[in-house]
>>> print(open('start_30.tsv').read())   # TSV, C-alpha atoms
chain	number	residue	atom	x	y	z
F	1	MET	CA	98.63	10.85	-18.40
F	2	THR	CA	98.67	13.41	-21.18
F	3	LYS	CA	95.65	14.69	-23.03
F	4	THR	CA	95.36	17.19	-25.87
F	5	MET	CA	92.49	19.60	-26.37
F	6	ALA	CA	91.83	20.71	-29.92
F	7	GLU	CA	89.66	23.55	-31.09
F	8	ILE	CA	86.65	24.19	-28.85
F	9	GLY	CA	84.68	26.05	-31.50
F	10	SER	CA	84.81	28.99	-33.81
F	11	THR	CA	83.20	31.28	-31.24
F	12	HIS	CA	86.02	30.65	-28.81
F	13	GLY	CA	89.04	31.43	-30.96
F	14	PRO	CA	91.42	29.39	-33.12
F	15	ALA	CA	92.61	25.87	-32.48
F	16	VAL	CA	94.93	25.47	-29.54
F	17	SER	CA	96.73	22.56	-27.92
F	18	PHE	CA	96.02	22.28	-24.22
F	19	THR	CA	98.21	19.62	-22.63
F	20	THR	CA	97.19	18.33	-19.23
F	21	GLN	CA	99.58	16.29	-17.11
F	22	ARG	CA	98.47	14.98	-13.77
F	23	THR	CA	101.46	15.10	-11.45
F	24	SER	CA	101.75	13.30	-8.16
F	25	SER	CA	101.61	16.59	-6.28
F	26	ALA	CA	98.27	17.39	-7.90
F	27	SER	CA	96.85	13.91	-7.34
F	28	ILE	CA	94.11	13.19	-4.87
F	29	ALA	CA	96.61	10.86	-3.20
F	30	THR	CA	97.54	13.50	-0.62
F	31	GLN	CA	97.21	10.78	1.99
F	32	SER	CA	97.55	7.00	1.73
F	33	ARG	CA	93.79	6.52	1.93
F	34	TRP	CA	93.46	8.15	-1.47
F	35	LEU	CA	95.76	5.70	-3.28
F	36	PRO	CA	93.88	3.08	-5.36
F	37	ALA	CA	95.01	-0.44	-4.53
F	38	GLU	CA	96.56	-1.22	-7.92
F	39	GLY	CA	97.49	2.32	-8.97
F	40	GLY	CA	95.57	4.50	-11.38
F	41	HIS	CA	91.95	5.41	-10.68
F	42	ALA	CA	89.70	3.46	-8.37
F	43	SER	CA	86.75	1.63	-9.92
F	44	GLY	CA	83.19	2.74	-9.25
F	45	PRO	CA	81.69	6.25	-9.20
F	46	HIS	CA	84.02	9.22	-9.38
F	47	ILE	CA	82.06	11.16	-6.77
F	48	SER	CA	79.01	10.21	-4.70
F	49	ALA	CA	76.61	11.48	-2.06
F	50	VAL	CA	75.14	8.82	0.23
F	51	ALA	CA	71.91	9.61	2.10
F	52	VAL	CA	72.98	13.22	2.70
F	53	GLU	CA	70.82	15.53	4.76
F	54	LYS	CA	71.38	19.22	5.39
F	55	ALA	CA	69.43	21.82	7.35
F	56	TYR	CA	70.04	25.45	8.25
F	57	ARG	CA	68.91	27.58	11.16
F	58	LYS	CA	66.69	30.55	10.43
F	59	GLY	CA	66.15	32.27	13.74
F	60	GLN	CA	64.72	29.63	16.04
F	61	HIS	CA	63.54	27.48	13.16
F	62	LYS	CA	65.40	24.62	11.50
F	63	VAL	CA	64.88	24.55	7.73
F	64	ALA	CA	65.57	21.21	6.03
F	65	VAL	CA	67.23	21.69	2.63
F	66	LEU	CA	68.33	18.16	1.66
F	67	ARG	CA	66.40	15.10	2.83
F	68	GLY	CA	68.39	11.92	2.23
F	69	VAL	CA	69.84	12.47	-1.25
F	70	ASN	CA	71.77	9.68	-3.00
F	71	ILE	CA	73.72	10.41	-6.17
F	72	ASN	CA	76.56	8.74	-8.10
F	73	VAL	CA	78.55	10.47	-10.85
F	74	ARG	CA	80.78	8.49	-13.19
F	75	ARG	CA	84.26	9.64	-14.19
F	76	GLY	CA	83.96	11.78	-17.31
F	77	GLU	CA	80.22	12.25	-16.96
F	78	PHE	CA	78.47	15.59	-17.52
F	79	LEU	CA	75.58	15.75	-15.04
F	80	SER	CA	72.96	18.50	-14.72
F	81	ILE	CA	71.23	19.06	-11.37
F	82	ILE	CA	67.99	20.90	-12.02
F	83	GLY	CA	65.26	22.27	-9.80
F	84	GLN	CA	63.41	25.37	-8.72
F	85	SER	CA	64.92	27.93	-6.36
F	86	GLY	CA	65.10	26.46	-2.86
F	87	SER	CA	65.06	22.84	-4.05
F	88	GLY	CA	68.53	22.19	-2.59
F	89	LYS	CA	70.53	21.91	-5.80
F	90	SER	CA	73.22	24.48	-4.89
F	91	THR	CA	73.48	23.04	-1.37
F	92	LEU	CA	74.09	19.59	-2.88
F	93	LEU	CA	76.81	20.99	-5.14
F	94	HIS	CA	78.48	22.70	-2.17
F	95	LEU	CA	78.49	19.44	-0.21
F	96	LEU	CA	80.00	17.52	-3.12
F	97	GLY	CA	82.70	20.20	-3.50
F	98	LEU	CA	83.54	20.28	0.23
F	99	LEU	CA	82.37	23.86	0.61
F	100	ASP	CA	80.05	22.58	3.34
F	101	CYS	CA	79.51	19.34	5.29
F	102	PRO	CA	76.34	17.24	5.53
F	103	ASP	CA	74.50	16.91	8.83
F	104	ILE	CA	73.88	13.25	8.05
F	105	GLY	CA	75.29	11.03	5.31
F	106	GLU	CA	78.61	10.81	3.46
F	107	VAL	CA	80.38	12.35	0.47
F	108	LEU	CA	82.73	9.97	-1.33
F	109	LEU	CA	85.54	10.52	-3.81
F	110	GLU	CA	86.45	7.34	-5.70
F	111	GLY	CA	84.74	5.33	-2.97
F	112	GLN	CA	86.58	6.99	-0.09
F	113	ARG	CA	84.78	9.25	2.35
F	114	MET	CA	86.08	12.81	2.30
F	115	ASP	CA	83.58	15.00	4.17
F	116	ASP	CA	85.00	13.83	7.53
F	117	LEU	CA	88.64	14.56	6.69
F	118	PRO	CA	90.64	17.18	8.61
F	119	VAL	CA	90.03	20.76	7.50
F	120	ARG	CA	93.51	21.11	5.96
F	121	THR	CA	93.08	17.96	3.88
F	122	ARG	CA	89.68	19.13	2.65
F	123	ASP	CA	91.25	22.46	1.70
F	124	GLN	CA	93.89	20.62	-0.32
F	125	LEU	CA	91.27	18.51	-2.07
F	126	ARG	CA	89.26	21.60	-2.99
F	127	ASN	CA	92.34	23.20	-4.53
F	128	ARG	CA	93.65	20.09	-6.31
F	129	VAL	CA	90.63	18.02	-7.30
F	130	PHE	CA	87.82	20.54	-7.84
F	131	GLY	CA	87.36	23.51	-10.11
F	132	PHE	CA	84.53	25.89	-9.21
F	133	ILE	CA	82.45	28.11	-11.50
F	134	PHE	CA	79.94	30.40	-9.81
F	135	GLN	CA	76.99	32.41	-11.10
F	136	PHE	CA	78.48	35.70	-9.88
F	137	TYR	CA	82.01	34.99	-11.22
F	138	HIS	CA	83.80	36.04	-7.98
F	139	LEU	CA	86.70	37.63	-9.85
F	140	LEU	CA	88.89	39.92	-7.77
F	141	PRO	CA	88.30	43.48	-9.08
F	142	GLU	CA	91.78	44.77	-8.29
F	143	LEU	CA	93.52	42.03	-10.31
F	144	SER	CA	93.99	41.72	-14.05
F	145	LEU	CA	92.37	38.84	-15.93
F	146	LEU	CA	95.66	36.93	-16.02
F	147	GLU	CA	96.22	37.44	-12.28
F	148	ASN	CA	92.67	36.27	-11.51
F	149	VAL	CA	93.23	33.08	-13.48
F	150	LEU	CA	96.55	32.46	-11.69
F	151	ALA	CA	94.94	32.80	-8.24
F	152	PRO	CA	94.41	29.02	-7.60
F	153	LEU	CA	98.10	28.37	-8.29
F	154	MET	CA	99.12	31.21	-5.99
F	155	ILE	CA	97.10	29.49	-3.27
F	156	ARG	CA	98.48	26.02	-4.00
F	157	TYR	CA	102.18	26.88	-3.96
F	158	SER	CA	104.41	28.78	-1.62
F	159	ALA	CA	105.52	32.25	-2.71
F	160	TRP	CA	109.00	30.92	-3.49
F	161	GLU	CA	107.75	27.92	-5.51
F	162	PHE	CA	105.30	30.09	-7.44
F	163	TRP	CA	108.04	32.63	-8.21
F	164	LYS	CA	110.39	29.88	-9.47
F	165	ARG	CA	107.71	28.50	-11.79
F	166	ARG	CA	106.06	31.81	-12.69
F	167	ARG	CA	106.83	31.56	-16.41
F	168	GLU	CA	105.42	28.03	-16.61
F	169	PHE	CA	102.27	29.12	-14.78
F	170	ARG	CA	101.84	32.28	-16.86
F	171	ASP	CA	102.19	30.23	-20.05
F	172	ARG	CA	99.60	27.75	-18.79
F	173	ALA	CA	97.15	30.51	-17.86
F	174	SER	CA	97.69	32.29	-21.19
F	175	GLU	CA	97.09	29.04	-23.08
F	176	ILE	CA	93.80	28.41	-21.28
F	177	LEU	CA	92.70	32.02	-21.84
F	178	HIS	CA	93.43	31.52	-25.54
F	179	LEU	CA	91.31	28.39	-25.38
F	180	VAL	CA	88.28	30.31	-24.07
F	181	GLY	CA	88.82	33.21	-26.47
F	182	LEU	CA	90.19	35.78	-24.01
F	183	ASP	CA	93.86	36.03	-24.95
F	184	HIS	CA	93.26	39.64	-26.05
F	185	ARG	CA	92.12	40.57	-22.52
F	186	LEU	CA	95.08	39.48	-20.37
F	187	LYS	CA	95.69	42.87	-18.78
F	188	HIS	CA	92.05	43.92	-18.44
F	189	ARG	CA	90.29	44.03	-15.09
F	190	PRO	CA	86.81	42.55	-14.51
F	191	SER	CA	85.15	45.98	-14.71
F	192	GLU	CA	86.36	46.24	-18.29
F	193	MET	CA	84.80	42.94	-19.41
F	194	SER	CA	81.29	41.81	-20.35
F	195	GLY	CA	79.31	39.22	-18.39
F	196	GLY	CA	80.12	36.51	-20.91
F	197	GLU	CA	83.82	37.37	-20.79
F	198	MET	CA	83.85	37.28	-17.00
F	199	GLN	CA	82.19	33.86	-17.01
F	200	ARG	CA	84.77	32.55	-19.49
F	201	ALA	CA	87.43	34.00	-17.20
F	202	ALA	CA	85.90	32.07	-14.30
F	203	ILE	CA	86.05	28.89	-16.40
F	204	ALA	CA	89.72	29.55	-17.19
F	205	ARG	CA	90.45	30.09	-13.50
F	206	ALA	CA	88.73	26.79	-12.68
F	207	LEU	CA	90.80	24.95	-15.30
F	208	VAL	CA	94.26	26.36	-14.58
F	209	ALA	CA	94.86	24.02	-11.63
F	210	ARG	CA	93.96	20.99	-13.78
F	211	PRO	CA	91.01	19.73	-11.76
F	212	GLU	CA	89.45	16.31	-12.06
F	213	ILE	CA	85.93	17.55	-11.31
F	214	LEU	CA	84.34	20.80	-12.47
F	215	LEU	CA	81.45	22.15	-10.36
F	216	ALA	CA	79.35	24.84	-12.04
F	217	ASP	CA	76.66	26.62	-10.01
F	218	GLU	CA	74.21	28.40	-12.35
F	219	PRO	CA	77.04	29.37	-14.76
F	220	THR	CA	74.58	30.96	-17.20
F	221	GLY	CA	72.27	32.58	-14.64
F	222	ASN	CA	73.50	36.14	-15.25
F	223	LEU	CA	73.89	35.85	-19.02
F	224	ASP	CA	71.61	36.42	-21.98
F	225	ALA	CA	70.31	33.32	-23.78
F	226	ARG	CA	72.86	33.39	-26.62
F	227	THR	CA	75.89	33.89	-24.35
F	228	GLY	CA	74.55	31.30	-21.93
F	229	GLN	CA	74.32	28.78	-24.75
F	230	GLU	CA	77.93	29.52	-25.75
F	231	ILE	CA	79.12	28.94	-22.17
F	232	THR	CA	77.22	25.66	-21.93
F	233	GLU	CA	78.60	24.48	-25.27
F	234	LEU	CA	82.09	25.31	-24.01
F	235	LEU	CA	81.52	23.15	-20.92
F	236	ALA	CA	80.19	20.31	-23.05
F	237	SER	CA	83.27	20.50	-25.29
F	238	LEU	CA	85.60	20.43	-22.29
F	239	ASN	CA	83.79	17.36	-21.01
F	240	GLU	CA	83.98	15.59	-24.36
F	241	ARG	CA	87.57	16.41	-25.24
F	242	GLU	CA	89.22	16.32	-21.81
F	243	GLN	CA	86.92	13.80	-20.12
F	244	LEU	CA	86.38	16.21	-17.24
F	245	THR	CA	83.70	15.15	-14.79
F	246	ILE	CA	81.25	18.08	-14.72
F	247	LEU	CA	78.35	18.73	-12.36
F	248	MET	CA	76.25	21.72	-13.35
F	249	VAL	CA	73.41	23.24	-11.34
F	250	THR	CA	70.76	25.06	-13.33
F	251	HIS	CA	67.06	25.88	-13.28
F	252	ASP	CA	66.91	26.00	-17.09
F	253	ASP	CA	65.73	22.78	-18.79
F	254	ALA	CA	67.19	23.81	-22.15
F	255	ILE	CA	70.65	24.40	-20.63
F	256	ALA	CA	70.43	21.11	-18.71
F	257	GLN	CA	69.94	19.19	-21.95
F	258	GLN	CA	73.62	19.74	-22.84
F	259	ALA	CA	74.55	17.16	-20.18
F	260	HIS	CA	74.59	13.36	-20.41
F	261	ARG	CA	72.14	12.94	-17.56
F	262	ILE	CA	69.74	15.10	-15.57
F	263	VAL	CA	68.91	14.81	-11.87
F	264	ARG	CA	65.82	16.76	-10.82
F	265	LEU	CA	65.53	17.90	-7.20
F	266	SER	CA	62.30	18.91	-5.52
F	267	GLU	CA	62.01	19.96	-1.87
F	268	GLY	CA	65.37	18.45	-0.99
F	269	GLN	CA	64.82	15.05	-2.58
F	270	ILE	CA	65.58	13.51	-5.96
F	271	GLU	CA	62.37	13.59	-7.93
F	272	ALA	CA	63.64	12.09	-11.18
F	273	VAL	CA	66.80	10.93	-12.98
F	274	ALA	CA	66.85	10.86	-16.77
F	275	ALA	CA	69.21	10.85	-19.74
F	276	ALA	CA	69.44	14.19	-21.51
F	277	ALA	CA	68.07	14.50	-25.03
>>> encode(input="start_30.tsv", output="structure tokens")
Amino acid sequence: MTKTMAEIGSTHGPAVSFTTQRTSSASIATQSRWLPAEGGHASGPHISAVAVEKAYRKGQHKVAVLRGVNINVRRGEFLSIIGQSGSGKSTLLHLLGLLDCPDIGEVLLEGQRMDDLPVRTRDQLRNRVFGFIFQFYHLLPELSLLENVLAPLMIRYSAWEFWKRRREFRDRASEILHLVGLDHRLKHRPSEMSGGEMQRAAIARALVARPEILLADEPTGNLDARTGQEITELLASLNEREQLTILMVTHDDAIAQQAHRIVRLSEGQIEAVAAAA
């Protein structure tokens, strides 16, 4: 399957073609259980949480964070998860992205449970299926922008395979950095970039491995209102043009309105589900 991404917007640089090809090695079919019966994508929700519960220990006390949450996200949907600090929204995102496991309940990808898979398989799914964008960027300070963006591919492939395909990967990373308006910063390190530039770099890093699902945890939390709006508009454009499934955690109602649908969490439970404006 080949898709083309046109211009994202005048604030993010000139038009650029971004061709995405899903190869068998990057498919979720890393094991036979992930192969849809008739080929292609399985019907039903793209990703789901079924009655998930999660608690953490704080000293001798057990603090419940999620209390039986159910959520279904369609393929190509842009979903905002909104709630106050401590409501469980980031914990839910981490469970959906296999960064953590529920105490009770299940996490499903295309109808197949994945939270109970072996650690190595979950690692592969995180690298191949999910792209992560965090509030604090998590760029490696000793690496250039281009090297930071290439990091997921360095993890995916052996040193020999990466070296053989280094030109292909560098071209892909450069193309995505052009897409987000950072092609003039390839050799700069994070300390030489603004907050908005570092967040765009984090988006480029999340996209370079061609994920199916983009998970964004407070991607505008450290940005001023104008830059935050630009980042959210960029995510909305990626969703529209590339049909990326996007789940975004935020506490900002105005930012959440960029999504198709809003799920509001309160004290570890879904309080409301509504279409965005």
>>> residues_near_point(input="start_30.tsv", point="(96.8, 35.1, -24.9)", cutoff="12 Å", atoms="all atoms listed in the file", output="number ranges by chain")
F: 13-14, 16, 145-146, 170-188, 204
>>> residues_around(input="start_30.tsv", residues="Ile81 (chain F)", least_positions_apart="3", cutoff="7 Å", atoms="all atoms listed in the file", output="list in words")
Lys89, Met248, Val249, Thr250, Ile262, Val263 and Arg264 of chain F
>>> residues_around(input="start_30.tsv", residues="Asn239 (chain F)", least_positions_apart="5", cutoff="10 Å", atoms="all atoms listed in the file", output="VMD selection string")
chain F and resid 76 to 78 213 to 214 233 to 234 244 to 246 259
>>> closest_atom_pairs(input="start_30.tsv", of="region 128-179 of chain F", to="region 216-230 of chain F", cutoff="10 Å", atoms="all atoms listed in the file", output="Markdown table")
| residue | atom | partner | partner_atom | distance |
| --- | --- | --- | --- | --- |
| F:Gly131 | CA | F:Ala216 | CA | 8.3 |
| F:Phe132 | CA | F:Ala216 | CA | 6.0 |
| F:Ile133 | CA | F:Ala216 | CA | 4.5 |
| F:Phe134 | CA | F:Asp217 | CA | 5.0 |
| F:Gln135 | CA | F:Pro219 | CA | 4.8 |
| F:Phe136 | CA | F:Asn222 | CA | 7.3 |
| F:Tyr137 | CA | F:Pro219 | CA | 8.3 |
>>> atom_distance(input="start_30.tsv", atom1="CA of Gly68 (chain F)", atom2="CA of Ser87 (chain F)")
13.0 Å
>>> residues_around(input="start_30.tsv", residues="Ala209 (chain F)", least_positions_apart="3", cutoff="10 Å", atoms="all atoms listed in the file", output="list in words")
Thr20, Arg22, Ala26, Asn127, Arg128, Val129, Phe130, Gly131, Val149, Leu150, Ala151, Pro152, Leu153, Arg156, Phe169, Arg172, Ala173, Ala204, Arg205, Ala206 and Glu212 of chain F
>>> atom_distance(input="start_30.tsv", atom1="CA of Asp123 (chain F)", atom2="CA of Gly268 (chain F)")
26.3 Å
>>> atom_distance(input="start_30.tsv", atom1="CA of Gly44 (chain F)", atom2="CA of Val107 (chain F)")
14.0 Å
>>> closest_residue(input="start_30.tsv", among="F:His138, F:His260, F:Arg57, F:Arg126", to="Ile155 (chain F)", atoms="only C-alpha atoms")
F:Arg126
>>> residues_near_point(input="start_30.tsv", point="(88.7, 46.2, -16.0)", cutoff="10 Å", atoms="all atoms listed in the file", output="list in words")
Pro141, Glu142, Leu143, Ser144, Leu145, Arg185, Lys187, His188, Arg189, Pro190, Ser191, Glu192, Met193 and Ser194 of chain F
>>> residues_around(input="start_30.tsv", residues="Tyr56 (chain F)", least_positions_apart="4", cutoff="12 Å", atoms="only C-alpha atoms", output="ChimeraX atom specification")
/F:60-66,88,91,100-103
>>> residues_around(input="start_30.tsv", residues="Asn72 (chain F)", least_positions_apart="5", cutoff="8 Å", atoms="only C-alpha atoms", output="list in words")
Pro45, His46, Ile47, Ser48 and Ala49 of chain F
>>> closest_residue(input="start_30.tsv", among="F:Glu240, F:Glu110, F:Asp253, F:Asp115", to="Val73 (chain F)", atoms="only C-alpha atoms")
F:Glu110
